[in-house]
>>> print(open('upload.cif').read())   # mmCIF, C-alpha atoms; chains and numbers go by the auth columns
data_target
#
loop_
_atom_site.group_PDB
_atom_site.id
_atom_site.type_symbol
_atom_site.label_atom_id
_atom_site.label_comp_id
_atom_site.label_asym_id
_atom_site.label_seq_id
_atom_site.Cartn_x
_atom_site.Cartn_y
_atom_site.Cartn_z
_atom_site.B_iso_or_equiv
_atom_site.auth_seq_id
_atom_site.auth_asym_id
ATOM 1 C CA MET A 1 -38.069 37.448 -3.971 0.00 1312 L
ATOM 2 C CA PHE A 2 -36.106 36.923 -0.803 0.00 1313 L
ATOM 3 C CA ASP A 3 -37.998 34.634 1.549 0.00 1314 L
ATOM 4 C CA PRO A 4 -36.630 34.321 5.120 0.00 1315 L
ATOM 5 C CA ALA A 5 -38.172 30.837 5.287 0.00 1316 L
ATOM 6 C CA THR A 6 -35.495 29.625 2.823 0.00 1317 L
ATOM 7 C CA LEU A 7 -32.766 30.254 5.406 0.00 1318 L
ATOM 8 C CA LYS A 8 -31.439 27.541 7.696 0.00 1319 L
ATOM 9 C CA PHE A 9 -32.487 28.077 11.285 0.00 1320 L
ATOM 10 C CA ASP A 10 -31.279 26.126 14.296 0.00 1321 L
ATOM 11 C CA ALA A 11 -33.429 23.834 16.452 0.00 1322 L
ATOM 12 C CA ASN A 12 -34.869 26.920 18.178 0.00 1323 L
ATOM 13 C CA GLY A 13 -35.791 28.554 14.878 0.00 1324 L
ATOM 14 C CA LEU A 14 -32.970 31.103 15.183 0.00 1325 L
ATOM 15 C CA LEU A 15 -29.823 32.087 13.326 0.00 1326 L
ATOM 16 C CA PRO A 16 -26.903 34.303 14.394 0.00 1327 L
ATOM 17 C CA VAL A 17 -26.755 37.847 13.046 0.00 1328 L
ATOM 18 C CA ILE A 18 -23.597 39.958 12.980 0.00 1329 L
ATOM 19 C CA ALA A 19 -24.132 43.732 13.166 0.00 1330 L
ATOM 20 C CA GLN A 20 -21.420 45.820 11.522 0.00 1331 L
ATOM 21 C CA GLU A 21 -21.274 49.623 11.425 0.00 1332 L
ATOM 22 C CA HIS A 22 -21.632 50.606 7.788 0.00 1333 L
ATOM 23 C CA GLY A 23 -19.211 53.530 7.866 0.00 1334 L
ATOM 24 C CA SER A 24 -16.335 52.394 10.085 0.00 1335 L
ATOM 25 C CA ARG A 25 -16.840 48.665 9.384 0.00 1336 L
ATOM 26 C CA GLU A 26 -16.522 48.029 13.109 0.00 1337 L
ATOM 27 C CA VAL A 27 -18.208 44.815 14.250 0.00 1338 L
ATOM 28 C CA LEU A 28 -20.689 45.919 16.916 0.00 1339 L
ATOM 29 C CA MET A 29 -22.408 42.812 18.263 0.00 1340 L
ATOM 30 C CA LEU A 30 -23.869 39.404 17.540 0.00 1341 L
ATOM 31 C CA ALA A 31 -27.487 38.551 18.287 0.00 1342 L
ATOM 32 C CA TRP A 32 -30.207 36.228 16.979 0.00 1343 L
ATOM 33 C CA MET A 33 -33.196 36.440 14.662 0.00 1344 L
ATOM 34 C CA ASN A 34 -36.044 34.157 13.731 0.00 1345 L
ATOM 35 C CA ALA A 35 -37.821 34.382 10.367 0.00 1346 L
ATOM 36 C CA GLU A 36 -40.291 36.955 11.644 0.00 1347 L
ATOM 37 C CA ALA A 37 -37.559 39.176 13.115 0.00 1348 L
ATOM 38 C CA ILE A 38 -35.827 39.121 9.730 0.00 1349 L
ATOM 39 C CA ALA A 39 -39.050 40.165 8.007 0.00 1350 L
ATOM 40 C CA LYS A 40 -39.649 42.925 10.570 0.00 1351 L
ATOM 41 C CA THR A 41 -36.084 44.197 10.140 0.00 1352 L
ATOM 42 C CA LEU A 42 -36.453 44.387 6.359 0.00 1353 L
ATOM 43 C CA ASP A 43 -39.895 45.949 6.626 0.00 1354 L
ATOM 44 C CA THR A 44 -39.168 48.610 9.259 0.00 1355 L
ATOM 45 C CA LYS A 45 -35.417 49.119 8.583 0.00 1356 L
ATOM 46 C CA ARG A 46 -34.980 49.018 12.352 0.00 1357 L
ATOM 47 C CA VAL A 47 -32.894 46.025 13.276 0.00 1358 L
ATOM 48 C CA THR A 48 -35.081 43.660 15.298 0.00 1359 L
ATOM 49 C CA TYR A 49 -33.638 40.627 17.046 0.00 1360 L
ATOM 50 C CA TRP A 50 -35.203 37.774 18.982 0.00 1361 L
ATOM 51 C CA SER A 51 -34.217 37.979 22.635 0.00 1362 L
ATOM 52 C CA ARG A 52 -33.399 34.465 23.817 0.00 1363 L
ATOM 53 C CA SER A 53 -33.498 35.517 27.492 0.00 1364 L
ATOM 54 C CA ARG A 54 -36.836 37.332 27.238 0.00 1365 L
ATOM 55 C CA GLN A 55 -38.258 35.114 24.448 0.00 1366 L
ATOM 56 C CA ALA A 56 -39.593 38.206 22.698 0.00 1367 L
ATOM 57 C CA PHE A 57 -38.850 40.479 19.776 0.00 1368 L
ATOM 58 C CA TRP A 58 -36.167 43.002 20.590 0.00 1369 L
ATOM 59 C CA VAL A 59 -36.162 46.190 18.546 0.00 1370 L
ATOM 60 C CA LYS A 60 -32.557 47.195 19.185 0.00 1371 L
ATOM 61 C CA GLY A 61 -32.547 50.585 20.943 0.00 1372 L
ATOM 62 C CA GLU A 62 -36.294 50.719 21.487 0.00 1373 L
ATOM 63 C CA THR A 63 -35.829 51.537 25.171 0.00 1374 L
ATOM 64 C CA SER A 64 -32.289 53.006 25.132 0.00 1375 L
ATOM 65 C CA GLY A 65 -32.770 55.069 21.984 0.00 1376 L
ATOM 66 C CA ASN A 66 -29.656 53.474 20.519 0.00 1377 L
ATOM 67 C CA LEU A 67 -31.397 52.278 17.385 0.00 1378 L
ATOM 68 C CA GLN A 68 -29.783 50.309 14.602 0.00 1379 L
ATOM 69 C CA HIS A 69 -30.909 51.495 11.192 0.00 1380 L
ATOM 70 C CA LEU A 70 -30.578 48.822 8.522 0.00 1381 L
ATOM 71 C CA VAL A 71 -28.379 49.770 5.584 0.00 1382 L
ATOM 72 C CA GLU A 72 -28.087 46.302 4.037 0.00 1383 L
ATOM 73 C CA MET A 73 -28.741 42.687 4.959 0.00 1384 L
ATOM 74 C CA ARG A 74 -26.431 39.972 3.649 0.00 1385 L
ATOM 75 C CA VAL A 75 -26.772 36.189 3.700 0.00 1386 L
ATOM 76 C CA ASP A 76 -23.838 33.788 3.965 0.00 1387 L
ATOM 77 C CA CYS A 77 -23.036 30.896 1.617 0.00 1388 L
ATOM 78 C CA ASP A 78 -24.563 28.310 3.961 0.00 1389 L
ATOM 79 C CA ARG A 79 -27.685 30.444 4.469 0.00 1390 L
ATOM 80 C CA ASP A 80 -27.416 29.935 8.227 0.00 1391 L
ATOM 81 C CA CYS A 81 -26.031 33.334 9.251 0.00 1392 L
ATOM 82 C CA LEU A 82 -26.725 36.986 8.444 0.00 1393 L
ATOM 83 C CA LEU A 83 -24.612 40.120 8.348 0.00 1394 L
ATOM 84 C CA VAL A 84 -26.454 43.408 8.820 0.00 1395 L
ATOM 85 C CA LEU A 85 -24.714 46.616 7.889 0.00 1396 L
ATOM 86 C CA VAL A 86 -26.185 49.304 10.108 0.00 1397 L
ATOM 87 C CA ARG A 87 -26.076 52.914 11.071 0.00 1398 L
ATOM 88 C CA GLN A 88 -25.855 52.727 14.852 0.00 1399 L
ATOM 89 C CA GLU A 89 -27.231 55.523 17.006 0.00 1400 L
ATOM 90 C CA GLY A 90 -25.168 55.842 20.202 0.00 1401 L
ATOM 91 C CA PRO A 91 -23.283 52.874 21.614 0.00 1402 L
ATOM 92 C CA ALA A 92 -24.310 49.373 20.537 0.00 1403 L
ATOM 93 C CA CYS A 93 -23.319 47.696 23.810 0.00 1404 L
ATOM 94 C CA HIS A 94 -25.499 47.775 26.927 0.00 1405 L
ATOM 95 C CA THR A 95 -22.324 48.729 28.865 0.00 1406 L
ATOM 96 C CA GLY A 96 -22.220 52.023 26.984 0.00 1407 L
ATOM 97 C CA ARG A 97 -19.348 50.983 24.734 0.00 1408 L
ATOM 98 C CA ARG A 98 -19.410 51.442 20.988 0.00 1409 L
ATOM 99 C CA SER A 99 -19.036 47.695 20.401 0.00 1410 L
ATOM 100 C CA CYS A 100 -19.658 44.607 22.540 0.00 1411 L
ATOM 101 C CA PHE A 101 -16.187 43.338 21.578 0.00 1412 L
ATOM 102 C CA TYR A 102 -14.237 45.582 23.931 0.00 1413 L
ATOM 103 C CA THR A 103 -12.112 42.842 25.519 0.00 1414 L
ATOM 104 C CA ALA A 104 -9.010 41.619 23.705 0.00 1415 L
ATOM 105 C CA VAL A 105 -6.839 38.636 24.573 0.00 1416 L
ATOM 106 C CA ARG A 106 -3.246 39.901 24.502 0.00 1417 L
ATOM 107 C CA ASP A 107 -0.264 37.878 25.733 0.00 1418 L
ATOM 108 C CA GLY A 108 -2.700 35.499 27.418 0.00 1419 L
ATOM 109 C CA GLU A 109 -4.456 38.222 29.415 0.00 1420 L
ATOM 110 C CA GLU A 110 -7.826 39.916 28.966 0.00 1421 L
ATOM 111 C CA VAL A 111 -7.376 43.617 28.202 0.00 1422 L
ATOM 112 C CA GLU A 112 -10.132 46.218 27.984 0.00 1423 L
ATOM 113 C CA ILE A 113 -9.547 48.144 24.770 0.00 1424 L
ATOM 114 C CA MET A 114 -12.604 50.408 24.709 0.00 1425 L
ATOM 115 C CA ALA A 115 -14.127 52.620 27.407 0.00 1426 L
ATOM 116 C CA PRO A 116 -17.809 53.504 27.787 0.00 1427 L
ATOM 117 C CA GLU A 117 -18.677 56.603 25.754 0.00 1428 L
ATOM 118 C CA MET B 1 -4.839 34.746 32.585 0.00 393 K
ATOM 119 C CA PHE B 2 -7.465 34.207 29.912 0.00 394 K
ATOM 120 C CA ASP B 3 -9.167 30.855 30.419 0.00 395 K
ATOM 121 C CA PRO B 4 -11.490 29.679 27.614 0.00 396 K
ATOM 122 C CA ALA B 5 -13.452 27.692 30.231 0.00 397 K
ATOM 123 C CA THR B 6 -14.782 31.000 31.627 0.00 398 K
ATOM 124 C CA LEU B 7 -16.687 31.645 28.391 0.00 399 K
ATOM 125 C CA LYS B 8 -20.332 30.728 27.947 0.00 400 K
ATOM 126 C CA PHE B 9 -20.785 27.853 25.557 0.00 401 K
ATOM 127 C CA ASP B 10 -24.075 26.544 24.190 0.00 402 K
ATOM 128 C CA ALA B 11 -25.569 23.129 24.944 0.00 403 K
ATOM 129 C CA ASN B 12 -23.136 21.604 22.436 0.00 404 K
ATOM 130 C CA GLY B 13 -20.138 23.233 24.066 0.00 405 K
ATOM 131 C CA LEU B 14 -19.732 25.704 21.208 0.00 406 K
ATOM 132 C CA LEU B 15 -19.871 29.444 20.649 0.00 407 K
ATOM 133 C CA PRO B 16 -20.068 31.480 17.439 0.00 408 K
ATOM 134 C CA VAL B 17 -16.903 33.128 16.139 0.00 409 K
ATOM 135 C CA ILE B 18 -16.864 36.009 13.671 0.00 410 K
ATOM 136 C CA ALA B 19 -13.779 36.253 11.450 0.00 411 K
ATOM 137 C CA GLN B 20 -12.917 39.742 10.255 0.00 412 K
ATOM 138 C CA GLU B 21 -10.030 40.700 7.958 0.00 413 K
ATOM 139 C CA HIS B 22 -7.674 42.826 10.019 0.00 414 K
ATOM 140 C CA GLY B 23 -6.700 45.238 7.257 0.00 415 K
ATOM 141 C CA SER B 24 -9.895 45.855 5.287 0.00 416 K
ATOM 142 C CA ARG B 25 -12.225 45.136 8.245 0.00 417 K
ATOM 143 C CA GLU B 26 -14.337 42.997 5.930 0.00 418 K
ATOM 144 C CA VAL B 27 -16.389 40.355 7.745 0.00 419 K
ATOM 145 C CA LEU B 28 -15.307 37.060 6.204 0.00 420 K
ATOM 146 C CA MET B 29 -17.343 34.294 7.840 0.00 421 K
ATOM 147 C CA LEU B 30 -18.920 32.912 10.982 0.00 422 K
ATOM 148 C CA ALA B 31 -18.034 29.505 12.378 0.00 423 K
ATOM 149 C CA TRP B 32 -17.914 27.752 15.757 0.00 424 K
ATOM 150 C CA MET B 33 -15.322 26.914 18.385 0.00 425 K
ATOM 151 C CA ASN B 34 -15.262 24.842 21.545 0.00 426 K
ATOM 152 C CA ALA B 35 -12.874 25.593 24.414 0.00 427 K
ATOM 153 C CA GLU B 36 -10.137 23.422 22.934 0.00 428 K
ATOM 154 C CA ALA B 37 -10.399 25.052 19.498 0.00 429 K
ATOM 155 C CA ILE B 38 -10.013 28.452 21.196 0.00 430 K
ATOM 156 C CA ALA B 39 -6.893 27.241 23.001 0.00 431 K
ATOM 157 C CA LYS B 40 -5.466 25.768 19.787 0.00 432 K
ATOM 158 C CA THR B 41 -6.135 29.020 17.923 0.00 433 K
ATOM 159 C CA LEU B 42 -4.336 31.074 20.557 0.00 434 K
ATOM 160 C CA ASP B 43 -1.498 28.586 20.763 0.00 435 K
ATOM 161 C CA THR B 44 -0.854 28.074 17.045 0.00 436 K
ATOM 162 C CA LYS B 45 -2.088 31.448 15.738 0.00 437 K
ATOM 163 C CA ARG B 46 -3.874 29.464 13.022 0.00 438 K
ATOM 164 C CA VAL B 47 -7.599 29.916 13.394 0.00 439 K
ATOM 165 C CA THR B 48 -9.073 26.542 14.293 0.00 440 K
ATOM 166 C CA TYR B 49 -12.822 25.969 14.368 0.00 441 K
ATOM 167 C CA TRP B 50 -14.967 23.007 15.379 0.00 442 K
ATOM 168 C CA SER B 51 -16.734 21.586 12.357 0.00 443 K
ATOM 169 C CA ARG B 52 -20.298 20.789 13.362 0.00 444 K
ATOM 170 C CA SER B 53 -20.868 18.685 10.238 0.00 445 K
ATOM 171 C CA ARG B 54 -17.675 16.637 10.611 0.00 446 K
ATOM 172 C CA GLN B 55 -17.553 16.814 14.436 0.00 447 K
ATOM 173 C CA ALA B 56 -13.842 17.465 14.266 0.00 448 K
ATOM 174 C CA PHE B 57 -11.336 20.271 14.604 0.00 449 K
ATOM 175 C CA TRP B 58 -11.068 22.340 11.458 0.00 450 K
ATOM 176 C CA VAL B 59 -7.848 24.248 10.928 0.00 451 K
ATOM 177 C CA LYS B 60 -9.155 26.807 8.478 0.00 452 K
ATOM 178 C CA GLY B 61 -7.266 26.439 5.198 0.00 453 K
ATOM 179 C CA GLU B 62 -5.468 23.256 6.193 0.00 454 K
ATOM 180 C CA THR B 63 -6.507 21.527 2.962 0.00 455 K
ATOM 181 C CA SER B 64 -7.175 24.564 0.722 0.00 456 K
ATOM 182 C CA GLY B 65 -4.116 26.524 1.825 0.00 457 K
ATOM 183 C CA ASN B 66 -6.347 29.497 2.596 0.00 458 K
ATOM 184 C CA LEU B 67 -5.156 29.827 6.169 0.00 459 K
ATOM 185 C CA GLN B 68 -6.411 32.376 8.664 0.00 460 K
ATOM 186 C CA HIS B 69 -3.592 33.819 10.734 0.00 461 K
ATOM 187 C CA LEU B 70 -4.766 35.150 14.066 0.00 462 K
ATOM 188 C CA VAL B 71 -4.030 38.822 14.670 0.00 463 K
ATOM 189 C CA GLU B 72 -6.221 39.290 17.747 0.00 464 K
ATOM 190 C CA MET B 73 -9.023 37.500 19.563 0.00 465 K
ATOM 191 C CA ARG B 74 -11.778 39.529 21.228 0.00 466 K
ATOM 192 C CA VAL B 75 -14.541 38.461 23.629 0.00 467 K
ATOM 193 C CA ASP B 76 -17.964 40.084 23.764 0.00 468 K
ATOM 194 C CA CYS B 77 -19.686 41.544 26.831 0.00 469 K
ATOM 195 C CA ASP B 78 -21.801 38.425 27.389 0.00 470 K
ATOM 196 C CA ARG B 79 -18.770 36.144 26.950 0.00 471 K
ATOM 197 C CA ASP B 80 -20.761 33.969 24.559 0.00 472 K
ATOM 198 C CA CYS B 81 -19.263 35.090 21.242 0.00 473 K
ATOM 199 C CA LEU B 82 -15.791 35.779 19.841 0.00 474 K
ATOM 200 C CA LEU B 83 -14.425 38.085 17.175 0.00 475 K
ATOM 201 C CA VAL B 84 -11.158 37.043 15.559 0.00 476 K
ATOM 202 C CA LEU B 85 -9.209 39.593 13.572 0.00 477 K
ATOM 203 C CA VAL B 86 -7.267 37.657 10.974 0.00 478 K
ATOM 204 C CA ARG B 87 -4.921 37.868 8.080 0.00 479 K
ATOM 205 C CA GLN B 88 -6.652 35.709 5.496 0.00 480 K
ATOM 206 C CA GLU B 89 -4.646 33.913 2.832 0.00 481 K
ATOM 207 C CA GLY B 90 -6.684 33.607 -0.369 0.00 482 K
ATOM 208 C CA PRO B 91 -10.489 33.590 -0.288 0.00 483 K
ATOM 209 C CA ALA B 92 -12.230 32.753 3.007 0.00 484 K
ATOM 210 C CA CYS B 93 -15.300 31.195 1.374 0.00 485 K
ATOM 211 C CA HIS B 94 -15.342 27.650 0.018 0.00 486 K
ATOM 212 C CA THR B 95 -16.974 29.088 -3.143 0.00 487 K
ATOM 213 C CA GLY B 96 -13.759 30.978 -3.872 0.00 488 K
ATOM 214 C CA ARG B 97 -15.132 34.341 -2.809 0.00 489 K
ATOM 215 C CA ARG B 98 -13.302 36.676 -0.450 0.00 490 K
ATOM 216 C CA SER B 99 -16.154 36.553 2.081 0.00 491 K
ATOM 217 C CA CYS B 100 -19.024 34.150 2.714 0.00 492 K
ATOM 218 C CA PHE B 101 -21.406 37.144 2.804 0.00 493 K
ATOM 219 C CA TYR B 102 -21.589 37.660 -0.946 0.00 494 K
ATOM 220 C CA THR B 103 -25.376 37.769 -1.205 0.00 495 K
ATOM 221 C CA ALA B 104 -27.204 41.013 -0.423 0.00 496 K
ATOM 222 C CA VAL B 105 -30.939 41.549 -0.054 0.00 497 K
ATOM 223 C CA ARG B 106 -31.779 44.594 -2.160 0.00 498 K
ATOM 224 C CA ASP B 107 -35.322 45.715 -2.940 0.00 499 K
ATOM 225 C CA GLY B 108 -36.558 42.348 -1.715 0.00 500 K
ATOM 226 C CA GLU B 109 -34.349 40.346 -4.061 0.00 501 K
ATOM 227 C CA GLU B 110 -31.163 38.372 -3.484 0.00 502 K
ATOM 228 C CA VAL B 111 -28.257 39.928 -5.388 0.00 503 K
ATOM 229 C CA GLU B 112 -24.777 38.468 -5.747 0.00 504 K
ATOM 230 C CA ILE B 113 -22.343 41.254 -4.917 0.00 505 K
ATOM 231 C CA MET B 114 -19.028 39.404 -5.061 0.00 506 K
ATOM 232 C CA ALA B 115 -17.586 37.047 -7.690 0.00 507 K
ATOM 233 C CA PRO B 116 -15.171 34.175 -7.070 0.00 508 K
ATOM 234 C CA GLU B 117 -11.572 35.383 -7.195 0.00 509 K
#
>>> encode(input="upload.cif", output="structure tokens")
Amino acid sequence: MFDPATLKFDANGLLPVIAQEHGSREVLMLAWMNAEAIAKTLDTKRVTYWSRSRQAFWVKGETSGNLQHLVEMRVDCDRDCLLVLVRQEGPACHTGRRSCFYTAVRDGEEVEIMAPE
Amino acid sequence: MFDPATLKFDANGLLPVIAQEHGSREVLMLAWMNAEAIAKTLDTKRVTYWSRSRQAFWVKGETSGNLQHLVEMRVDCDRDCLLVLVRQEGPACHTGRRSCFYTAVRDGEEVEIMAPE
């Protein structure tokens, strides 16, 4: 049985979680989970982070409707990071862009490579 | 001009960096960089992390030969996380697997989904 308590959390009881779109393999965002958020995510199949700013559970898309449906959770070799493959409804980024990684560094300059949808 | 000092680092002066294979879009690993490691990575095009365990710069693959060649660096909307698209030589994981995320949680059990190369 997979037990979230066997993972390695940081001093705040959190670990970083990478969300990747299952179909396109685009990396959408990085956020944080504690052991309970991991359990909730596996239980509900709705990706649930821990908001460090609000200090509360954050069901991704609960207010915006842009839910992340869990396809698969993966654990890294050091057990201190997760990868969640998701089916993303709407844009993942709060700016309305598909991914939070819409700024590239090209020839030493920041370039916006993705517009809001 | 892109200035790494404008990014948001944690209390240890670090931020998480996701490495993704440019061609296959496979997520390979997550590690950490400080501002100087970011500058070194951009300057040398060899992905250079900060090893939290050794408290030293870590040119990925410097000893194993499994270098990560930088294709593009991207910054997220909160400026507290990076995505590096790379061309990975050999396996990215120290276990000899292509990716560090070789363990999936399926039906509540941990399943190894990738063998060493």
>>> calpha_fit_and_write(input="upload.cif", fixed="chain L", moving="chain K", output="compact mmCIF listing (two decimals) with C-alpha atoms, in the frame of the given file")
# COMPACT_ATOMS: atom_id res chain seq x y z
CA MET K 393 -38.06 37.42 -3.99
CA PHE K 394 -36.10 36.92 -0.79
CA ASP K 395 -38.00 34.63 1.56
CA PRO K 396 -36.62 34.32 5.12
CA ALA K 397 -38.17 30.83 5.29
CA THR K 398 -35.49 29.62 2.82
CA LEU K 399 -32.77 30.26 5.41
CA LYS K 400 -31.44 27.55 7.69
CA PHE K 401 -32.48 28.08 11.27
CA ASP K 402 -31.28 26.13 14.29
CA ALA K 403 -33.43 23.83 16.43
CA ASN K 404 -34.87 26.92 18.15
CA GLY K 405 -35.78 28.56 14.86
CA LEU K 406 -32.98 31.11 15.18
CA LEU K 407 -29.82 32.09 13.34
CA PRO K 408 -26.91 34.30 14.39
CA VAL K 409 -26.75 37.85 13.06
CA ILE K 410 -23.60 39.97 12.99
CA ALA K 411 -24.12 43.74 13.18
CA GLN K 412 -21.42 45.83 11.54
CA GLU K 413 -21.26 49.63 11.42
CA HIS K 414 -21.64 50.61 7.79
CA GLY K 415 -19.21 53.53 7.85
CA SER K 416 -16.34 52.40 10.08
CA ARG K 417 -16.85 48.66 9.38
CA GLU K 418 -16.52 48.02 13.10
CA VAL K 419 -18.20 44.81 14.25
CA LEU K 420 -20.68 45.92 16.91
CA MET K 421 -22.40 42.81 18.25
CA LEU K 422 -23.88 39.41 17.54
CA ALA K 423 -27.49 38.55 18.30
CA TRP K 424 -30.21 36.23 16.99
CA MET K 425 -33.20 36.45 14.67
CA ASN K 426 -36.05 34.16 13.73
CA ALA K 427 -37.81 34.39 10.36
CA GLU K 428 -40.29 36.96 11.64
CA ALA K 429 -37.57 39.18 13.12
CA ILE K 430 -35.82 39.12 9.73
CA ALA K 431 -39.04 40.17 8.00
CA LYS K 432 -39.65 42.93 10.57
CA THR K 433 -36.09 44.20 10.13
CA LEU K 434 -36.45 44.39 6.36
CA ASP K 435 -39.89 45.94 6.63
CA THR K 436 -39.16 48.60 9.26
CA LYS K 437 -35.44 49.13 8.59
CA ARG K 438 -34.99 49.01 12.37
CA VAL K 439 -32.89 46.02 13.29
CA THR K 440 -35.08 43.66 15.30
CA TYR K 441 -33.64 40.63 17.05
CA TRP K 442 -35.21 37.77 18.99
CA SER K 443 -34.22 37.97 22.63
CA ARG K 444 -33.41 34.46 23.81
CA SER K 445 -33.51 35.51 27.47
CA ARG K 446 -36.86 37.32 27.22
CA GLN K 447 -38.27 35.12 24.42
CA ALA K 448 -39.60 38.20 22.70
CA PHE K 449 -38.86 40.48 19.78
CA TRP K 450 -36.18 43.02 20.59
CA VAL K 451 -36.15 46.19 18.54
CA LYS K 452 -32.57 47.20 19.18
CA GLY K 453 -32.54 50.57 20.94
CA GLU K 454 -36.29 50.70 21.49
CA THR K 455 -35.83 51.53 25.18
CA SER K 456 -32.28 52.99 25.14
CA GLY K 457 -32.77 55.06 21.99
CA ASN K 458 -29.65 53.47 20.52
CA LEU K 459 -31.39 52.28 17.38
CA GLN K 460 -29.77 50.31 14.60
CA HIS K 461 -30.91 51.50 11.19
CA LEU K 462 -30.58 48.84 8.53
CA VAL K 463 -28.37 49.77 5.59
CA GLU K 464 -28.10 46.31 4.03
CA MET K 465 -28.75 42.69 4.96
CA ARG K 466 -26.43 39.97 3.65
CA VAL K 467 -26.78 36.18 3.71
CA ASP K 468 -23.84 33.79 3.96
CA CYS K 469 -23.04 30.90 1.62
CA ASP K 470 -24.57 28.31 3.96
CA ARG K 471 -27.69 30.44 4.47
CA ASP K 472 -27.42 29.93 8.23
CA CYS K 473 -26.03 33.33 9.25
CA LEU K 474 -26.73 36.99 8.45
CA LEU K 475 -24.62 40.12 8.36
CA VAL K 476 -26.45 43.40 8.84
CA LEU K 477 -24.72 46.62 7.90
CA VAL K 478 -26.18 49.30 10.12
CA ARG K 479 -26.09 52.91 11.07
CA GLN K 480 -25.86 52.72 14.85
CA GLU K 481 -27.22 55.52 17.00
CA GLY K 482 -25.17 55.85 20.19
CA PRO K 483 -23.28 52.87 21.63
CA ALA K 484 -24.31 49.36 20.54
CA CYS K 485 -23.31 47.69 23.81
CA HIS K 486 -25.48 47.77 26.93
CA THR K 487 -22.31 48.73 28.87
CA GLY K 488 -22.22 52.02 26.97
CA ARG K 489 -19.35 51.00 24.72
CA ARG K 490 -19.41 51.44 20.96
CA SER K 491 -19.04 47.68 20.39
CA CYS K 492 -19.66 44.61 22.54
CA PHE K 493 -16.19 43.33 21.58
CA TYR K 494 -14.24 45.58 23.93
CA THR K 495 -12.12 42.85 25.51
CA ALA K 496 -9.01 41.62 23.71
CA VAL K 497 -6.83 38.64 24.58
CA ARG K 498 -3.25 39.89 24.51
CA ASP K 499 -0.28 37.87 25.74
CA GLY K 500 -2.71 35.50 27.43
CA GLU K 501 -4.46 38.23 29.41
CA GLU K 502 -7.82 39.92 28.97
CA VAL K 503 -7.37 43.62 28.21
CA GLU K 504 -10.12 46.22 27.99
CA ILE K 505 -9.55 48.14 24.77
CA MET K 506 -12.60 50.40 24.71
CA ALA K 507 -14.12 52.63 27.40
CA PRO K 508 -17.80 53.53 27.78
CA GLU K 509 -18.66 56.61 25.73
>>> atom_distance(input="upload.cif", atom1="atom CA of Leu1325 of chain L", atom2="atom CA of Trp1343 of chain L")
6.1 Å
>>> resolve_selection(input="upload.cif", expression="the PyMOL selection byres ((chain L) within 9 of (chain K))", output="number ranges by chain")
L: 1312-1314, 1327, 1329, 1331, 1335-1338, 1340-1341, 1353, 1383-1389, 1392-1394, 1404-1406, 1410-1421
>>> atom_distance(input="upload.cif", atom1="atom CA of Tyr1360 of chain L", atom2="atom CA of Gln1379 of chain L")
10.7 Å
>>> residues_around(input="upload.cif", residues="Ser443 of chain K", least_positions_apart="2", cutoff="12 Å", atoms="only C-alpha atoms", output="list in words")
Asn404, Leu406, Leu407, Pro408, Leu422, Ala423, Trp424, Met425, Asn426, Ala429, Thr440, Tyr441, Ser445, Arg446, Gln447, Ala448, Phe449, Trp450, Val451 and Lys452 of chain K
>>> atom_distance(input="upload.cif", atom1="atom CA of Trp1361 of chain L", atom2="atom CA of Ser1375 of chain L")
16.7 Å
>>> residues_around(input="upload.cif", residues="Arg479 of chain K", least_positions_apart="4", cutoff="8 Å", atoms="all atoms listed in the file", output="MDAnalysis selection string")
chainID K and resid 413:415 460:463
>>> axis_aligned_box(input="upload.cif", around="segment 1337-1351 of chain L", padding_each_side="4 Å", output="AutoDock Vina command-line options")
--center_x -28.4 --center_y 41.1 --center_z 13.1 --size_x 31.8 --size_y 21.9 --size_z 18.3
>>> build_atoms(input="upload.cif", residues="segment 1319-1327 of chain L", atoms="N, CA and C atoms", output="CSV table (one decimal), in the frame of the given file")
chain,number,residue,atom,x,y,z
L,1319,LYS,N,-31.6,28.7,6.8
L,1319,LYS,CA,-31.4,27.5,7.7
L,1319,LYS,C,-31.4,28.0,9.1
L,1320,PHE,N,-32.4,27.7,9.9
L,1320,PHE,CA,-32.5,28.1,11.3
L,1320,PHE,C,-32.1,26.9,12.2
L,1321,ASP,N,-31.7,27.2,13.4
L,1321,ASP,CA,-31.3,26.1,14.3
L,1321,ASP,C,-32.5,25.5,14.9
L,1322,ALA,N,-32.3,24.6,15.9
L,1322,ALA,CA,-33.4,23.8,16.5
L,1322,ALA,C,-34.4,24.8,17.1
L,1323,ASN,N,-34.0,26.0,17.5
L,1323,ASN,CA,-34.9,26.9,18.2
L,1323,ASN,C,-35.5,27.9,17.2
L,1324,GLY,N,-35.2,27.7,15.9
L,1324,GLY,CA,-35.8,28.6,14.9
L,1324,GLY,C,-35.0,29.9,14.8
L,1325,LEU,N,-33.8,29.9,15.2
L,1325,LEU,CA,-33.0,31.1,15.2
L,1325,LEU,C,-31.7,30.9,14.3
L,1326,LEU,N,-31.2,32.1,13.9
L,1326,LEU,CA,-29.8,32.1,13.3
L,1326,LEU,C,-29.1,33.3,13.8
L,1327,PRO,N,-27.7,33.2,13.9
L,1327,PRO,CA,-26.9,34.3,14.4
L,1327,PRO,C,-26.8,35.4,13.4
